[in-house]
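K.L.:
Encoded as structure tokens, here's the structure I'll be asking about.
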Amino acid sequence: MQNIYEKIVENKTKNIDMVLVTAVEKTGEGPVEVGKKMLVLETGESFGTVGGGALEFYAREKAKELMKQRTHLTEKYLLDKGKVIPEAKTLPMVCGGTVTLFYEFLGVRNYIYIFGGGHVGQALVKVLKPLNFHITVIDERKEVIEAFTEGDLKVHHHFARYIEEFGIKTGSYVVVCTPSHTYDYHVINKILELKLKPKYIGMLCSAEKLRDYLEKTYEKFGKDIDLSNFYSPIGLDLGGGSPEDIAISIASEILAIYHDKKDHKHMREATHEHYIYWKNQ
């Protein structure tokens with residue numbers, strides 16, 4: 001039988017997010033000893049134990065919540081229903097003691113999908129990779145994928161069909177920079193069509209291309225389609241036009257959104273009137 005650390009290694013190679021729950025402190029009576037561990041996977045599976053009963057049920061649900069937030073937590077529990085003590089959550093148990101659990105998120109900062117492995121895609125991966133993002137590059141050009149030296153996962157596949165077959169993770173980041181406007185539209189519209197929920201969709205484009213895309217998208221999905229997570233033209237307004245300049249601009253925008261920073265000028269703000277114009281036609 002595999003131990004919990006072997007399970008961590010096995011699932012890390014599969015890019016499965018996990019939370020490791022460890023009992024780090026105990027006072028009085030309770031069903032768990034310090035050092036006991038439980039591993040919870042994004043699939044819902046769990047291995048090991050932190051005592052069973054209401055404590056373990058709560059810990060498993062808390063781990064799933066923290067997995068979505070991609071963060072850690074230390075939390076103290078009173079195992080005595082009907083009683084209250086400061087800085088502890090009371091659980092419906094009758095042991096009478098307290099247990100402190102440390103929830104350790106085991107996963108990358110987030111997942112980024114780059115549709116298009118051209119010059120900008122290549123430059124972008126080099127900027128993002130040291131930041132602990134898991135990066136998937138998708139391109140239907142075999143020679144481009146074979147020549148691509150960066151990224152965690154390189155996929156030779158039709159752009160929009162990749163989304164149909166494999167999907168994208170909720171809350172992830174999507175960068176669209178394929179070699180064709182048509183492919184770009186197909187990728188974004190497939191995300192909208194399947195009602196997927198990335199946190200960010202950025203499209204590399206000109207103002208003219210943006211007008212064309214918005215016209216077609218509002219015609220296809222209606223004027224009430226939610227494009228609040230759509231950033232185009234992509235990136236922060238940093239200046240410069242080389243692939244490396246653009247890559248830094250895109251990476252900066254992704255980080256600003258990741259850290260929920262509001263005080264930055266996005267390139268899409270410069271063309272905000274296009275959104276308003278086409279939505280009101």
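Every chain in the structure tokens takes a letter, A first, then B, and so on in the order presented; its residues are numbered from 1, and the ligands are numbered from 1 following the presented order.
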Please list as a PyMOL selection string every residue within 8 Å of A:Ile234, counting only C-alpha atoms and excluding residues in the same chain fewer than 5 positions away.
P.N.:
chain A and resi 202-205+249-250+266-268
K.L.:
Please produce a file of those selected residues containing N, CA and C atoms, as a short mmCIF file (atom, residue, chain, number, x, y, z; two decimals), in the first residue's frame.
P.N.:
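And here's out.cif as it stands now:
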```
data_model
loop_
_atom_site.label_atom_id
_atom_site.label_comp_id
_atom_site.auth_asym_id
_atom_site.auth_seq_id
_atom_site.Cartn_x
_atom_site.Cartn_y
_atom_site.Cartn_z
N GLY A 202 -7.37 36.46 -22.52
CA GLY A 202 -6.72 37.56 -23.22
C GLY A 202 -6.50 37.23 -24.68
N MET A 203 -6.81 38.17 -25.56
CA MET A 203 -6.62 37.94 -26.99
C MET A 203 -5.67 38.97 -27.57
N LEU A 204 -4.65 38.49 -28.23
CA LEU A 204 -3.70 39.36 -28.92
C LEU A 204 -4.35 39.89 -30.19
N CYS A 205 -4.51 41.20 -30.27
CA CYS A 205 -5.22 41.72 -31.44
C CYS A 205 -4.99 43.22 -31.60
N SER A 249 4.17 42.52 -20.91
CA SER A 249 2.89 43.21 -20.73
C SER A 249 1.78 42.23 -20.35
N ILE A 250 1.74 41.08 -21.04
CA ILE A 250 0.71 40.07 -20.75
C ILE A 250 0.93 39.46 -19.37
N HIS A 266 -4.97 48.81 -18.16
CA HIS A 266 -5.01 47.70 -19.10
C HIS A 266 -5.19 48.24 -20.52
N MET A 267 -4.62 47.52 -21.47
CA MET A 267 -4.75 47.94 -22.86
C MET A 267 -6.22 47.98 -23.28
N ARG A 268 -7.04 47.11 -22.73
CA ARG A 268 -8.45 47.09 -23.13
C ARG A 268 -9.17 48.38 -22.74
#
```
K.L.:
Give me the residues within 12 Å of A:Leu255 as a PyMOL selection string, counting only C-alpha atoms and dropping any in the same chain fewer than 3 places off.
P.N.:
chain A and resi 109-110+112+127-128+131-133+173+199-200+235-236+248-252+258-262+264
K.L.:
So which bits of stretch 50-227 of chain A end up strand (DSSP E) when you DSSP the backbone, as a ChimeraX atom specification?
P.N.:
/A:73-78,89-90,98-106,110-115,133-139,153-156,173-176,200-203
K.L.:
Among stretch 20-195 of chain A, which ones does DSSP assign to helix (DSSP H, G or I) (computed from the backbone)? Answer as a ChimeraX atom specification.
P.N.:
/A:53-69,119-131,142-147,159-166,181-193
K.L.:
Determine, using only C-alpha atoms, which residues of stretch 157-217 of chain A have any atom at most 12 Å from an atom of stretch 57-75 of chain A, and tabulate each with its shortest atom pair and distance in Å to one decimal place, rows ordered by chain and then rising number, as a tab-separated table.
P.N.:
```
residue	atom	partner	partner_atom	distance
A:Lys169	CA	A:Lys68	CA	10.5
A:Thr170	CA	A:Lys68	CA	8.8
A:Gly171	CA	A:Lys68	CA	8.3
A:Ser172	CA	A:Lys68	CA	10.7
```
K.L.:
Would you kindly return, as a list in words, each protein, DNA or RNA residue with an atom no farther than 12 Å from any atom of A:Ile225, considering only C-alpha atoms and excluding same-chain residues fewer than 3 positions away?
P.N.:
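So, after excluding close chain neighbours, the residues are Asn189, Leu192, Glu193, Lys195, Leu214, Thr217, Tyr218, Glu219, Lys220, Phe221, Gly222, Ser228, Asn229, Phe230, Tyr275 and Lys279 of chain A.
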K.L.:
Write the selection just made, keeping C-alpha atoms, as a compact mmCIF listing (two decimals), in the first residue's frame?
P.N.:
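And here's out_24.txt as it stands now:
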```
# COMPACT_ATOMS: atom_id res chain seq x y z
CA ASN A 189 -16.33 31.29 -28.53
CA LEU A 192 -18.32 30.89 -24.07
CA GLU A 193 -20.37 28.17 -25.72
CA LYS A 195 -19.89 28.08 -20.30
CA LEU A 214 -17.11 41.94 -30.81
CA THR A 217 -19.66 37.64 -30.79
CA TYR A 218 -22.60 39.88 -29.85
CA GLU A 219 -24.37 38.66 -32.97
CA LYS A 220 -23.76 35.02 -32.02
CA PHE A 221 -24.35 35.13 -28.24
CA GLY A 222 -26.47 38.24 -27.76
CA SER A 228 -15.94 40.94 -17.97
CA ASN A 229 -13.02 38.48 -17.92
CA PHE A 230 -12.11 39.20 -21.56
CA TYR A 275 -17.21 47.37 -26.21
CA LYS A 279 -23.00 46.33 -27.48
```
K.L.:
A:Asp226, A:Thr182, A:Gly240, A:Leu41: which is nearest A:Tyr213, counting only C-alpha atoms?
P.N.:
A:Thr182
K.L.:
Using only C-alpha atoms, find the one residue out of A:Tyr162, A:Phe115, A:Tyr77, A:Tyr183 that sits nearest to A:Thr98.
P.N.:
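Comparing A:Tyr162, A:Phe115, A:Tyr77, A:Tyr183 against A:Thr98, the winner is A:Tyr77.
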K.L.:
Go through A:His156, A:Lys36, A:Lys12, A:Lys197 and flag the residue nearest A:Gly48, using only C-alpha atoms for the distances.
P.N.:
A:Lys36
K.L.:
Have a look at A:Lys154, A:Arg211, A:Glu25, A:Leu78 and name the one nearest to A:Arg141; count only C-alpha atoms.
P.N.:
A:Lys154
K.L.:
Contacts of A:Leu153 at 9 Å or less, counting only C-alpha atoms, minus same-chain residues fewer than 5 places along, as an MDAnalysis selection string?
P.N.:
chainID A and resid 134:138
K.L.:
Here is a test: counting only C-alpha atoms, which residue of A:His186, A:His157, A:Lys37, A:Lys81 is nearest to A:Tyr103?
P.N.:
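Closest residue, counting only C-alpha atoms: A:Lys37.
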K.L.:
Expressed in Å to a single decimal, how great is the separation between atom CA of A:Ser180 and atom CA of A:Gly239?
P.N.:
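It comes out at 23.8 Å.
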K.L.:
Quick one, how far is atom CA of A:Pro243 from atom CA of A:Val120?
P.N.:
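Answer for the atom CA of A:Pro243 to atom CA of A:Val120 separation: 4.7 Å.
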K.L.:
Find the residues of stretch 39-68 of chain A that sit at most 9 Å from stretch 86-97 of chain A; for each, write down the nearest two atoms and how far apart they are in Å, to one decimal. Count only C-alpha atoms. Sort by chain, then by number going up, and give it as JSON lines.
P.N.:
```
{"residue": "A:Gly53", "atom": "CA", "partner": "A:Met93", "partner_atom": "CA", "distance": 8.1}
{"residue": "A:Ala54", "atom": "CA", "partner": "A:Pro92", "partner_atom": "CA", "distance": 6.5}
{"residue": "A:Leu55", "atom": "CA", "partner": "A:Leu91", "partner_atom": "CA", "distance": 6.9}
{"residue": "A:Tyr58", "atom": "CA", "partner": "A:Leu91", "partner_atom": "CA", "distance": 8.4}
```
K.L.:
Generate a file of the selected residues that holds N, CA and C atoms, formatted as a short mmCIF file (atom, residue, chain, number, x, y, z; two decimals), in the first residue's frame.
P.N.:
```cif
data_model
loop_
_atom_site.label_atom_id
_atom_site.label_comp_id
_atom_site.auth_asym_id
_atom_site.auth_seq_id
_atom_site.Cartn_x
_atom_site.Cartn_y
_atom_site.Cartn_z
N GLY A 53 -14.83 10.88 11.96
CA GLY A 53 -15.96 11.60 12.51
C GLY A 53 -16.13 13.00 11.95
N ALA A 54 -16.73 13.88 12.76
CA ALA A 54 -17.03 15.24 12.33
C ALA A 54 -15.77 16.02 12.00
N LEU A 55 -14.68 15.76 12.73
CA LEU A 55 -13.43 16.47 12.48
C LEU A 55 -12.91 16.17 11.08
N TYR A 58 -15.23 17.65 8.34
CA TYR A 58 -15.04 19.09 8.19
C TYR A 58 -13.70 19.37 7.51
#
```
